[in-house]
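Peer 1: Below you'll find target.txt; it's compact mmCIF, C-alpha atoms.
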```
# COMPACT_ATOMS: atom_id res chain seq x y z
CA MET D 50 25.14 4.85 -9.65
CA LYS D 51 22.50 2.48 -8.30
CA LYS D 52 19.23 4.02 -7.19
CA ALA D 53 17.52 3.37 -3.85
CA VAL D 54 14.17 4.40 -2.46
CA VAL D 55 14.28 5.43 1.20
CA LEU D 56 11.22 5.75 3.43
CA LEU D 57 11.80 9.00 5.26
CA SER D 58 9.59 10.00 8.17
CA GLY D 59 11.66 12.79 9.64
CA GLY D 60 12.77 10.81 12.70
CA ILE D 61 16.23 9.61 13.67
CA ASP D 62 15.81 6.07 12.34
CA SER D 63 14.77 6.89 8.82
CA ALA D 64 17.29 9.75 8.61
CA THR D 65 20.01 7.28 9.55
CA ALA D 66 18.70 4.80 6.96
CA LEU D 67 18.93 7.56 4.36
CA TYR D 68 22.57 8.28 5.17
CA MET D 69 23.32 4.55 5.24
CA ALA D 70 21.93 4.18 1.73
CA LYS D 71 24.24 6.98 0.63
CA SER D 72 27.25 5.49 2.39
CA ARG D 73 26.59 2.18 0.65
CA GLY D 74 26.91 3.86 -2.70
CA PHE D 75 23.26 4.34 -3.59
CA ARG D 76 21.68 7.47 -5.02
CA PRO D 77 18.63 7.74 -2.78
CA VAL D 78 15.19 9.13 -3.48
CA ALA D 79 13.25 9.79 -0.30
CA LEU D 80 9.54 9.03 -0.08
CA ILE D 81 7.82 11.16 2.53
CA PHE D 82 4.25 10.23 3.44
CA ASP D 83 1.63 12.76 4.35
CA TYR D 84 -0.95 10.30 5.65
CA GLY D 85 -2.90 12.39 8.08
CA GLN D 86 -0.50 11.79 10.97
CA ARG D 87 -1.07 13.95 14.00
CA HIS D 88 2.58 14.97 14.01
CA LYS D 89 2.36 16.43 10.52
CA LYS D 90 5.29 18.54 11.55
CA GLU D 91 7.60 15.60 10.82
CA ILE D 92 6.99 16.14 7.10
CA ALA D 93 8.77 19.50 7.15
CA PHE D 94 11.62 17.87 9.05
CA ALA D 95 11.81 15.04 6.52
CA ARG D 96 11.95 17.54 3.69
CA ARG D 97 14.79 19.44 5.37
CA LEU D 98 16.64 16.18 6.00
CA ALA D 99 16.36 15.20 2.34
CA LYS D 100 17.62 18.59 1.27
CA SER D 101 20.53 18.47 3.66
CA ALA D 102 21.43 15.02 2.30
CA LYS D 103 21.17 16.50 -1.20
CA CYS D 104 18.74 13.84 -2.29
CA ARG D 105 15.55 13.98 -4.30
CA TYR D 106 12.33 13.50 -2.43
CA LYS D 107 8.65 12.98 -3.12
CA ILE D 108 5.88 13.82 -0.73
CA ILE D 109 3.04 11.36 -1.16
CA LYS D 110 -0.38 12.29 0.10
CA LEU D 111 -2.29 9.27 1.34
CA PRO D 112 -5.72 10.02 2.72
CA LEU D 113 -5.82 7.31 5.36
CA SER D 114 -8.31 9.17 7.51
CA PHE D 115 -10.76 6.27 7.16
CA LEU D 116 -8.49 4.33 9.51
CA SER D 117 -10.06 5.47 12.72
CA GLY D 118 -8.72 4.50 16.11
CA SER D 119 -5.03 5.09 15.45
CA LEU D 120 -2.41 7.81 15.38
CA ILE D 121 -4.41 9.39 12.59
CA ASP D 122 -7.55 9.68 14.68
CA LYS D 123 -7.54 12.97 16.57
CA LYS D 124 -9.96 11.53 19.11
CA ILE D 125 -7.38 8.99 20.29
CA LYS D 126 -5.01 10.20 22.99
CA VAL D 127 -1.29 9.65 22.53
CA PRO D 128 -0.26 7.49 25.51
CA VAL D 129 2.28 9.17 27.78
CA LYS D 130 4.74 8.16 30.49
CA ARG D 131 4.53 4.46 29.65
CA LYS D 132 7.16 2.27 31.24
CA PRO D 133 9.46 0.16 29.02
CA ALA D 134 7.89 -3.08 30.31
CA GLU D 135 4.42 -1.83 29.42
CA ILE D 136 5.59 -0.74 25.97
CA LYS D 137 6.92 -4.24 25.34
CA LYS D 138 3.64 -5.82 26.39
CA LYS D 139 0.99 -3.70 24.74
CA ILE D 140 0.64 -2.38 21.23
CA PRO D 141 -0.04 1.32 21.79
CA SER D 142 -2.85 3.38 20.31
CA THR D 143 -0.24 5.14 18.17
CA TYR D 144 -0.15 1.98 16.05
CA VAL D 145 -1.46 2.58 12.54
CA PRO D 146 -2.54 -0.82 11.17
CA ALA D 147 -0.35 -2.09 8.36
CA ARG D 148 1.31 1.31 7.91
CA ASN D 149 4.67 -0.12 6.95
CA ILE D 150 2.98 -2.61 4.60
CA ILE D 151 1.27 0.28 2.80
CA PHE D 152 4.41 2.44 2.68
CA LEU D 153 6.59 -0.44 1.52
CA SER D 154 4.09 -1.42 -1.19
CA ILE D 155 4.19 2.08 -2.61
CA ALA D 156 7.98 2.10 -2.33
CA VAL D 157 8.12 -1.17 -4.25
CA SER D 158 5.87 0.21 -6.95
CA PHE D 159 7.98 3.36 -7.20
CA ALA D 160 11.23 1.34 -7.19
CA GLU D 161 9.96 -0.78 -10.04
CA THR D 162 8.81 2.20 -12.09
CA SER D 163 11.95 4.24 -11.49
CA GLY D 164 14.40 1.40 -11.89
CA ALA D 165 15.66 1.51 -8.30
CA GLU D 166 17.36 -1.60 -7.03
CA ALA D 167 16.88 -1.14 -3.33
CA ILE D 168 14.50 0.08 -0.67
CA PHE D 169 15.76 1.23 2.72
CA ILE D 170 13.53 1.37 5.77
CA GLY D 171 14.78 2.39 9.21
CA ALA D 172 12.37 0.16 11.16
CA HIS D 173 13.68 -1.70 14.16
CA THR D 174 12.27 -4.08 16.69
CA GLU D 175 13.96 -3.19 19.92
CA ASP D 176 12.34 0.02 20.94
CA PHE D 177 8.94 -0.05 19.33
CA SER D 178 8.44 -3.74 19.80
CA GLY D 179 4.72 -3.18 19.92
CA TYR D 180 4.41 -2.66 16.16
CA PRO D 181 4.00 -5.96 14.32
CA ASP D 182 5.15 -4.52 11.00
CA CYS D 183 8.51 -3.53 12.48
CA ARG D 184 9.49 -7.14 13.16
CA GLU D 185 12.12 -9.01 11.22
CA ASP D 186 9.87 -11.96 10.36
CA PHE D 187 7.37 -9.58 8.81
CA PHE D 188 10.05 -8.06 6.58
CA GLU D 189 11.26 -11.48 5.50
CA ALA D 190 7.72 -12.52 4.56
CA PHE D 191 7.11 -9.22 2.77
CA LYS D 192 10.31 -9.59 0.74
CA LYS D 193 9.06 -12.95 -0.50
CA ALA D 194 5.71 -11.47 -1.49
CA VAL D 195 7.48 -8.73 -3.44
CA SER D 196 9.73 -11.18 -5.24
CA LYS D 197 6.63 -13.08 -6.34
CA GLY D 198 4.35 -10.14 -7.03
CA THR D 199 6.36 -7.72 -9.13
CA LYS D 200 7.85 -7.68 -12.58
CA ALA D 201 11.18 -6.55 -11.18
CA GLY D 202 10.86 -9.45 -8.74
CA ARG D 203 14.08 -10.33 -7.09
CA ARG D 204 15.91 -7.28 -8.43
CA ILE D 205 14.50 -5.02 -5.73
CA LYS D 206 16.22 -5.60 -2.41
CA ILE D 207 14.58 -4.40 0.79
CA PHE D 208 17.13 -3.33 3.37
CA THR D 209 16.33 -2.97 7.06
CA PRO D 210 19.81 -1.99 8.23
CA LEU D 211 18.69 -0.99 11.73
CA ILE D 212 16.35 -3.88 12.42
CA ASN D 213 18.33 -5.22 15.37
CA CYS D 214 19.57 -1.91 16.75
CA GLY D 215 18.36 -0.03 19.78
CA LYS D 216 17.96 3.73 19.74
CA LYS D 217 21.38 4.21 21.34
CA ASP D 218 23.13 2.23 18.62
CA ILE D 219 21.20 4.11 15.96
CA ILE D 220 22.25 7.47 17.34
CA LYS D 221 25.86 6.28 17.36
CA LYS D 222 25.59 5.22 13.74
CA ALA D 223 23.88 8.50 12.88
CA LEU D 224 26.66 10.52 14.45
CA ALA D 225 29.30 8.50 12.62
CA LEU D 226 27.54 9.14 9.32
CA GLY D 227 27.07 12.84 9.96
CA VAL D 228 23.27 12.75 10.12
CA PRO D 229 22.06 16.22 11.15
CA LEU D 230 20.13 15.04 14.21
CA GLY D 231 18.96 18.55 14.93
CA LEU D 232 16.85 18.28 11.79
CA THR D 233 14.94 15.25 13.02
CA TRP D 234 11.58 15.19 14.77
CA SER D 235 10.27 12.32 16.90
CA CYS D 236 7.40 13.50 19.10
CA TYR D 237 4.03 11.94 18.27
CA LYS D 238 2.12 14.96 19.41
CA GLY D 239 3.59 17.35 16.90
CA GLY D 240 3.29 20.40 19.12
CA LYS D 241 5.59 23.39 19.11
CA ARG D 242 8.09 21.58 21.28
CA PRO D 243 8.56 17.84 21.80
CA CYS D 244 6.22 16.76 24.62
CA GLY D 245 8.91 14.68 26.34
CA GLU D 246 6.28 12.21 27.52
CA CYS D 247 5.19 10.04 24.58
CA ASP D 248 6.96 6.73 23.86
CA SER D 249 8.86 8.29 21.01
CA CYS D 250 10.17 11.25 23.05
CA ARG D 251 11.06 9.01 25.97
CA PHE D 252 13.05 6.51 23.93
CA ARG D 253 14.86 9.33 22.26
CA SER D 254 15.80 11.22 25.38
CA ARG D 255 16.80 8.06 27.23
CA ALA D 256 19.17 7.10 24.43
CA PHE D 257 20.81 10.54 24.37
CA ARG D 258 21.11 10.44 28.16
CA GLN D 259 22.72 6.99 28.04
CA LEU D 260 25.26 8.33 25.57
CA GLY D 261 25.93 11.37 27.75
CA LEU D 262 24.92 13.65 24.91
CA GLU D 263 22.58 16.56 24.62
CA ASP D 264 19.72 16.07 22.17
CA PRO D 265 20.12 18.81 19.55
CA TYR D 266 16.36 19.13 19.07
CA LEU D 267 15.85 19.99 22.68
CA SER D 268 18.30 22.86 22.54
CA GLU D 269 16.97 26.39 22.80
CA LYS D 270 17.66 27.16 19.16
CA ARG D 271 15.71 24.17 17.92
CA THR D 272 12.59 24.70 20.00
CA ARG D 273 12.33 28.32 18.90
CA ARG D 274 11.81 27.34 15.25
CA MET W 63 -22.72 -10.91 10.66
CA LYS W 64 -19.04 -11.13 9.77
CA LYS W 65 -17.57 -8.18 7.91
CA ALA W 66 -15.50 -8.43 4.72
CA VAL W 67 -13.58 -5.86 2.71
CA VAL W 68 -13.93 -6.29 -1.06
CA LEU W 69 -11.66 -4.65 -3.62
CA LEU W 70 -14.07 -3.35 -6.24
CA SER W 71 -12.79 -2.01 -9.54
CA GLY W 72 -16.01 -1.94 -11.52
CA GLY W 73 -15.15 -4.92 -13.72
CA ILE W 74 -16.74 -8.35 -13.90
CA ASP W 75 -14.21 -10.09 -11.67
CA SER W 76 -14.41 -7.81 -8.67
CA ALA W 77 -18.20 -7.51 -9.00
CA THR W 78 -18.41 -11.30 -8.86
CA ALA W 79 -16.08 -11.36 -5.84
CA LEU W 80 -18.42 -8.88 -4.13
CA TYR W 81 -21.45 -11.07 -4.70
CA MET W 82 -19.49 -14.14 -3.60
CA ALA W 83 -18.63 -12.44 -0.33
CA LYS W 84 -22.33 -11.79 0.19
CA SER W 85 -23.31 -15.33 -0.71
CA ARG W 86 -20.80 -16.64 1.82
CA GLY W 87 -22.55 -14.75 4.56
CA PHE W 88 -20.32 -11.71 4.86
CA ARG W 89 -21.43 -8.12 5.14
CA PRO W 90 -19.12 -6.52 2.59
CA VAL W 91 -17.64 -3.04 2.44
CA ALA W 92 -16.28 -2.20 -1.00
CA LEU W 93 -13.04 -0.28 -1.43
CA ILE W 94 -12.92 1.58 -4.72
CA PHE W 95 -9.60 3.10 -5.72
CA ASP W 96 -9.28 6.32 -7.62
CA TYR W 97 -5.60 6.00 -8.44
CA GLY W 98 -5.29 8.05 -11.59
CA GLN W 99 -6.32 5.21 -13.88
CA ARG W 100 -7.03 6.19 -17.45
CA HIS W 101 -10.35 4.41 -17.33
CA LYS W 102 -11.59 6.54 -14.45
CA LYS W 103 -15.02 5.71 -15.71
CA GLU W 104 -14.82 2.37 -13.90
CA ILE W 105 -15.15 4.22 -10.59
CA ALA W 106 -18.71 5.29 -11.41
CA PHE W 107 -19.50 1.71 -12.41
CA ALA W 108 -18.00 0.39 -9.18
CA ARG W 109 -20.12 2.81 -7.19
CA ARG W 110 -23.27 1.72 -9.00
CA LEU W 111 -22.37 -1.92 -8.45
CA ALA W 112 -21.92 -1.37 -4.72
CA LYS W 113 -25.24 0.41 -4.53
CA SER W 114 -27.02 -2.33 -6.43
CA ALA W 115 -25.50 -4.90 -4.04
CA LYS W 116 -26.70 -2.70 -1.17
CA CYS W 117 -23.26 -2.58 0.36
CA ARG W 118 -21.26 0.23 1.88
CA TYR W 119 -18.36 1.56 -0.15
CA LYS W 120 -15.42 3.88 0.24
CA ILE W 121 -13.68 5.64 -2.60
CA ILE W 122 -10.01 6.01 -1.80
CA LYS W 123 -7.98 8.58 -3.66
CA LEU W 124 -4.42 7.45 -4.19
CA PRO W 125 -2.26 9.88 -6.09
CA LEU W 126 -0.05 7.35 -7.84
CA SER W 127 0.75 9.69 -10.71
CA PHE W 128 4.44 9.47 -9.83
CA LEU W 129 4.37 5.93 -11.21
CA SER W 130 5.14 6.85 -14.78
CA GLY W 131 5.21 4.29 -17.56
CA SER W 132 2.04 2.41 -16.70
CA LEU W 133 -1.70 2.52 -17.13
CA ILE W 134 -1.64 5.74 -15.14
CA ASP W 135 0.71 7.43 -17.58
CA LYS W 136 -1.28 9.14 -20.33
CA LYS W 137 1.76 9.04 -22.62
CA ILE W 138 1.69 5.23 -22.70
CA LYS W 139 -0.55 3.70 -25.34
CA VAL W 140 -2.94 0.94 -24.32
CA PRO W 141 -1.90 -2.08 -26.41
CA VAL W 142 -4.60 -3.31 -28.76
CA LYS W 143 -5.38 -6.45 -30.75
CA ARG W 144 -2.84 -8.58 -28.91
CA LYS W 145 -3.07 -12.31 -29.48
CA PRO W 146 -3.58 -14.66 -26.48
CA ALA W 147 -0.09 -16.16 -26.97
CA GLU W 148 1.47 -12.71 -26.88
CA ILE W 149 -0.51 -11.78 -23.77
CA LYS W 150 0.82 -14.87 -22.03
CA LYS W 151 4.40 -14.01 -22.95
CA LYS W 152 4.69 -10.31 -22.33
CA ILE W 153 3.61 -8.16 -19.40
CA PRO W 154 1.67 -5.34 -21.07
CA SER W 155 2.15 -1.62 -20.59
CA THR W 156 -1.18 -1.57 -18.77
CA TYR W 157 0.61 -3.18 -15.84
CA VAL W 158 0.77 -0.85 -12.82
CA PRO W 159 3.69 -2.06 -10.68
CA ALA W 160 2.62 -3.59 -7.41
CA ARG W 161 -0.93 -2.28 -7.75
CA ASN W 162 -2.53 -5.24 -6.02
CA ILE W 163 0.10 -5.11 -3.29
CA ILE W 164 -0.81 -1.48 -2.59
CA PHE W 165 -4.56 -2.10 -2.74
CA LEU W 166 -4.35 -5.17 -0.55
CA SER W 167 -2.18 -3.38 2.01
CA ILE W 168 -4.77 -0.66 2.36
CA ALA W 169 -7.52 -3.28 2.54
CA VAL W 170 -5.63 -5.05 5.32
CA SER W 171 -5.24 -1.81 7.23
CA PHE W 172 -8.92 -1.03 6.80
CA ALA W 173 -9.93 -4.58 7.74
CA GLU W 174 -7.90 -4.34 10.91
CA THR W 175 -9.32 -0.96 11.88
CA SER W 176 -12.91 -1.87 11.09
CA GLY W 177 -12.84 -5.35 12.57
CA ALA W 178 -13.39 -7.15 9.27
CA GLU W 179 -12.40 -10.79 9.16
CA ALA W 180 -11.93 -11.22 5.45
CA ILE W 181 -10.71 -9.55 2.29
CA PHE W 182 -12.02 -10.57 -1.12
CA ILE W 183 -10.13 -9.86 -4.32
CA GLY W 184 -11.33 -11.00 -7.74
CA ALA W 185 -7.86 -11.45 -9.25
CA HIS W 186 -7.22 -14.47 -11.40
CA THR W 187 -4.29 -15.85 -13.29
CA GLU W 188 -5.73 -17.31 -16.43
CA ASP W 189 -6.61 -14.34 -18.53
CA PHE W 190 -4.27 -11.64 -17.31
CA SER W 191 -1.37 -13.94 -16.77
CA GLY W 192 0.97 -11.05 -17.48
CA TYR W 193 0.42 -9.43 -14.10
CA PRO W 194 2.72 -10.87 -11.45
CA ASP W 195 0.53 -9.71 -8.57
CA CYS W 196 -2.41 -11.75 -9.86
CA ARG W 197 -0.61 -15.05 -9.35
CA GLU W 198 -1.48 -17.54 -6.68
CA ASP W 199 2.04 -17.77 -5.27
CA PHE W 200 2.08 -14.02 -4.77
CA PHE W 201 -1.15 -14.16 -2.77
CA GLU W 202 0.15 -16.99 -0.63
CA ALA W 203 3.32 -15.04 0.15
CA PHE W 204 1.34 -11.88 0.83
CA LYS W 205 -0.97 -13.68 3.24
CA LYS W 206 2.06 -14.77 5.24
CA ALA W 207 3.39 -11.22 5.37
CA VAL W 208 0.02 -10.00 6.65
CA SER W 209 -0.19 -12.66 9.32
CA LYS W 210 3.23 -11.55 10.55
CA GLY W 211 2.84 -7.81 10.12
CA THR W 212 -0.50 -6.93 11.65
CA LYS W 213 -2.00 -6.92 15.09
CA ALA W 214 -5.05 -8.80 13.82
CA GLY W 215 -2.57 -11.26 12.30
CA ARG W 216 -4.14 -14.50 11.33
CA ARG W 217 -7.68 -13.28 11.94
CA ILE W 218 -7.86 -11.55 8.57
CA LYS W 219 -8.34 -14.06 5.76
CA ILE W 220 -7.57 -13.06 2.19
CA PHE W 221 -9.86 -14.81 -0.28
CA THR W 222 -9.12 -15.06 -3.97
CA PRO W 223 -12.18 -17.10 -4.97
CA LEU W 224 -11.62 -16.66 -8.72
CA ILE W 225 -7.88 -17.26 -8.81
CA ASN W 226 -8.09 -20.35 -11.00
CA CYS W 227 -11.05 -19.31 -13.13
CA GLY W 228 -11.08 -18.10 -16.68
CA LYS W 229 -13.34 -15.25 -17.77
CA LYS W 230 -15.95 -17.69 -19.06
CA ASP W 231 -16.24 -19.43 -15.68
CA ILE W 232 -16.39 -16.10 -13.91
CA ILE W 233 -19.28 -14.92 -16.08
CA LYS W 234 -21.09 -18.16 -15.35
CA LYS W 235 -20.62 -17.66 -11.62
CA ALA W 236 -21.67 -14.03 -11.95
CA LEU W 237 -24.88 -14.99 -13.70
CA ALA W 238 -25.65 -17.62 -11.07
CA LEU W 239 -25.18 -15.03 -8.32
CA GLY W 240 -27.25 -12.39 -10.06
CA VAL W 241 -24.40 -9.93 -10.62
CA PRO W 242 -25.74 -7.05 -12.73
CA LEU W 243 -23.18 -7.43 -15.51
CA GLY W 244 -24.63 -4.46 -17.35
CA LEU W 245 -23.27 -2.32 -14.53
CA THR W 246 -19.67 -3.46 -15.05
CA TRP W 247 -16.98 -1.74 -17.09
CA SER W 248 -13.84 -3.42 -18.44
CA CYS W 249 -12.28 -1.30 -21.19
CA TYR W 250 -8.87 0.14 -20.34
CA LYS W 251 -9.38 3.17 -22.51
CA GLY W 252 -12.37 4.51 -20.65
CA GLY W 253 -13.94 6.16 -23.68
CA LYS W 254 -17.65 6.62 -24.26
CA ARG W 255 -17.99 3.07 -25.52
CA PRO W 256 -15.76 0.07 -24.86
CA CYS W 257 -12.98 0.12 -27.50
CA GLY W 258 -13.34 -3.61 -28.22
CA GLU W 259 -9.61 -3.84 -28.94
CA CYS W 260 -7.71 -3.73 -25.65
CA ASP W 261 -6.86 -6.97 -23.82
CA SER W 262 -9.63 -6.38 -21.35
CA CYS W 263 -12.34 -5.85 -23.97
CA ARG W 264 -11.13 -8.81 -26.02
CA PHE W 265 -11.14 -11.26 -23.12
CA ARG W 266 -14.56 -10.10 -22.13
CA SER W 267 -16.16 -10.32 -25.53
CA ARG W 268 -14.53 -13.67 -26.28
CA ALA W 269 -15.95 -15.12 -23.07
CA PHE W 270 -19.46 -13.88 -23.82
CA ARG W 271 -19.16 -15.24 -27.35
CA GLN W 272 -18.04 -18.64 -26.05
CA LEU W 273 -21.07 -18.73 -23.80
CA GLY W 274 -23.35 -17.76 -26.67
CA LEU W 275 -24.49 -14.69 -24.75
CA GLU W 276 -24.76 -11.04 -25.57
CA ASP W 277 -22.64 -8.74 -23.44
CA PRO W 278 -25.08 -6.41 -21.69
CA TYR W 279 -22.63 -3.53 -21.76
CA LEU W 280 -22.40 -3.65 -25.50
CA SER W 281 -26.13 -3.35 -25.89
CA GLU W 282 -27.50 -0.13 -27.33
CA LYS W 283 -28.94 0.96 -24.01
CA ARG W 284 -25.64 0.60 -22.19
CA THR W 285 -23.48 2.46 -24.68
CA ARG W 286 -25.83 5.43 -24.72
CA ARG W 287 -25.23 6.16 -21.02
```
Would you write out, as structure tokens, the structure that this file holds?

Peer 2:
Amino acid sequence: MKKAVVLLSGGIDSATALYMAKSRGFRPVALIFDYGQRHKKEIAFARRLAKSAKCRYKIIKLPLSFLSGSLIDKKIKVPVKRKPAEIKKKIPSTYVPARNIIFLSIAVSFAETSGAEAIFIGAHTEDFSGYPDCREDFFEAFKKAVSKGTKAGRRIKIFTPLINCGKKDIIKKALALGVPLGLTWSCYKGGKRPCGECDSCRFRSRAFRQLGLEDPYLSEKRTRR
Amino acid sequence: MKKAVVLLSGGIDSATALYMAKSRGFRPVALIFDYGQRHKKEIAFARRLAKSAKCRYKIIKLPLSFLSGSLIDKKIKVPVKRKPAEIKKKIPSTYVPARNIIFLSIAVSFAETSGAEAIFIGAHTEDFSGYPDCREDFFEAFKKAVSKGTKAGRRIKIFTPLINCGKKDIIKKALALGVPLGLTWSCYKGGKRPCGECDSCRFRSRAFRQLGLEDPYLSEKRTRR
């Protein structure tokens, strides 16, 4: 069975990417990053997701606290109640510079060492269009750099299966694949309950609403955890 | 004064890159990686180099121990007494997959957060031609990925001022810039004294020999530290 490395954050997108890797016949290993994110809570969710998918996982501690002025920096406020038009226009303060570049680089290194043939990342442009390292042209350029800069070179394929999907489409795919959405966490604030106001919460709840579905992580059972 | 991030390992190449950044009018900040390398000793040398260049530095701990089968893996023997032809043909076991990609990604992130305009890396192809992420075409591809994948985009320039130099040329440049070569460390084994047998030691001593110079780190004073 071919091996794949999956970047797993604990949110819907990466959970769906994990199940997609499985459905495409890969044996996934999940990389979970503990990088000083404010919503550290997502790590526990990622771990539970990996377990429920019966896949191996590694939690990688990256002390990125020297990157002040981003989601890592406790002094920065998570923006709330932003309108979709505003989100499209302005890169929010939740942006962690080059985060996907760092995560992907480590995934590449791990893929090469462990003999994995593929890397899956659940990034997509539509919702979080403010993040430059979620754009398709970035991934294409990065793939080229990897093919030049590693021993395994062209063997390692980087898959971005959700790159052109919106949150609604992703949830549909997730449901079709049996992703346990109740085990995902999206809120940037990482409080006891999802705040419902940050970009991440708003995109999520809007998508569920559009589908006429109840979000399992907003149910009473979930929020009591 | 423009800021630059310099990747500083403690060896001759990165020390020279640091002094080149200074001579080009940048105010450098050195990033020193503690990534589980066998020759951890180089970190202390890097720190001393930064201090002697009067530049700020950050030591970044990256737990890359999950990358088995490389310089990080204590079970792997450092190859010794390899001939130049062999070095050109075969990527050695000292190769850490995608190491420069990981280091550069973090440098990019830090450059973006701290407002630096440039990144300096002392990598070069001639001597360590076995490492794919020391090749010019990798750097070119990586620069493109960075310009696409970061907010600062094209503002951050990645300089590889030694890319086409051999060790002999680098030592010449270092001497011209006043790099304190006695404060550099190259040996992969990281013992009390340089082993004199690993690729890194051999390239270094050959270059000093070719220049008719004594290597200051082989002098009695140095090895007694």

Peer 1: Which of these, W:Ala112, W:Ala203, W:Val140, W:Ala173, has the shortest distance to chain D once you count all atoms listed in the file?

Peer 2: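 Closest candidate: W:Ala203.
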
Peer 1: Would you please work out which residue, of D:Gly261, D:Pro112, D:Gly245, D:Pro210, is nearest to chain W when using all atoms listed in the file?

Peer 2: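 For chain W, the nearest of the given residues is D:Pro112.
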
Peer 1: How many Å lie between CA of Ala92 (chain W) and CA of Ile151 (chain D), rounded to one decimal?

Peer 2: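 For CA of Ala92 (chain W) relative to CA of Ile151 (chain D), the distance reads 18.1 Å.
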
Peer 1: At what distance in Å, to one decimal, does CA of Arg118 (chain W) lie from CA of Ser85 (chain W)?

Peer 2: 15.9 Å

Peer 1: Do me a favour and pick out the residues of chain D within 6 Å of chain W, using only C-alpha atoms, as a list in words.

Peer 2: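 The contacting residues on chain D are Leu116, Pro146, Ala147, Ile150, Ile151, Ser154, Ser158, Phe159, Thr162, Pro181, Asp182, Phe187, Ala190, Phe191, Ala194, Lys197, Gly198 and Thr199 of chain D.
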
Peer 1: For the selection you just gave me, I'd like the residues written to a file as an mmCIF file, keeping the file's coordinate frame, keeping C-alpha atoms.

Peer 2:
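Written file, result25.cif:
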```cif
data_model
loop_
_atom_site.group_PDB
_atom_site.id
_atom_site.type_symbol
_atom_site.label_atom_id
_atom_site.label_comp_id
_atom_site.auth_asym_id
_atom_site.auth_seq_id
_atom_site.Cartn_x
_atom_site.Cartn_y
_atom_site.Cartn_z
ATOM 1 C CA LEU D 116 -8.490 4.330 9.510
ATOM 2 C CA PRO D 146 -2.540 -0.820 11.170
ATOM 3 C CA ALA D 147 -0.350 -2.090 8.360
ATOM 4 C CA ILE D 150 2.980 -2.610 4.600
ATOM 5 C CA ILE D 151 1.270 0.280 2.800
ATOM 6 C CA SER D 154 4.090 -1.420 -1.190
ATOM 7 C CA SER D 158 5.870 0.210 -6.950
ATOM 8 C CA PHE D 159 7.980 3.360 -7.200
ATOM 9 C CA THR D 162 8.810 2.200 -12.090
ATOM 10 C CA PRO D 181 4.000 -5.960 14.320
ATOM 11 C CA ASP D 182 5.150 -4.520 11.000
ATOM 12 C CA PHE D 187 7.370 -9.580 8.810
ATOM 13 C CA ALA D 190 7.720 -12.520 4.560
ATOM 14 C CA PHE D 191 7.110 -9.220 2.770
ATOM 15 C CA ALA D 194 5.710 -11.470 -1.490
ATOM 16 C CA LYS D 197 6.630 -13.080 -6.340
ATOM 17 C CA GLY D 198 4.350 -10.140 -7.030
ATOM 18 C CA THR D 199 6.360 -7.720 -9.130
#
```
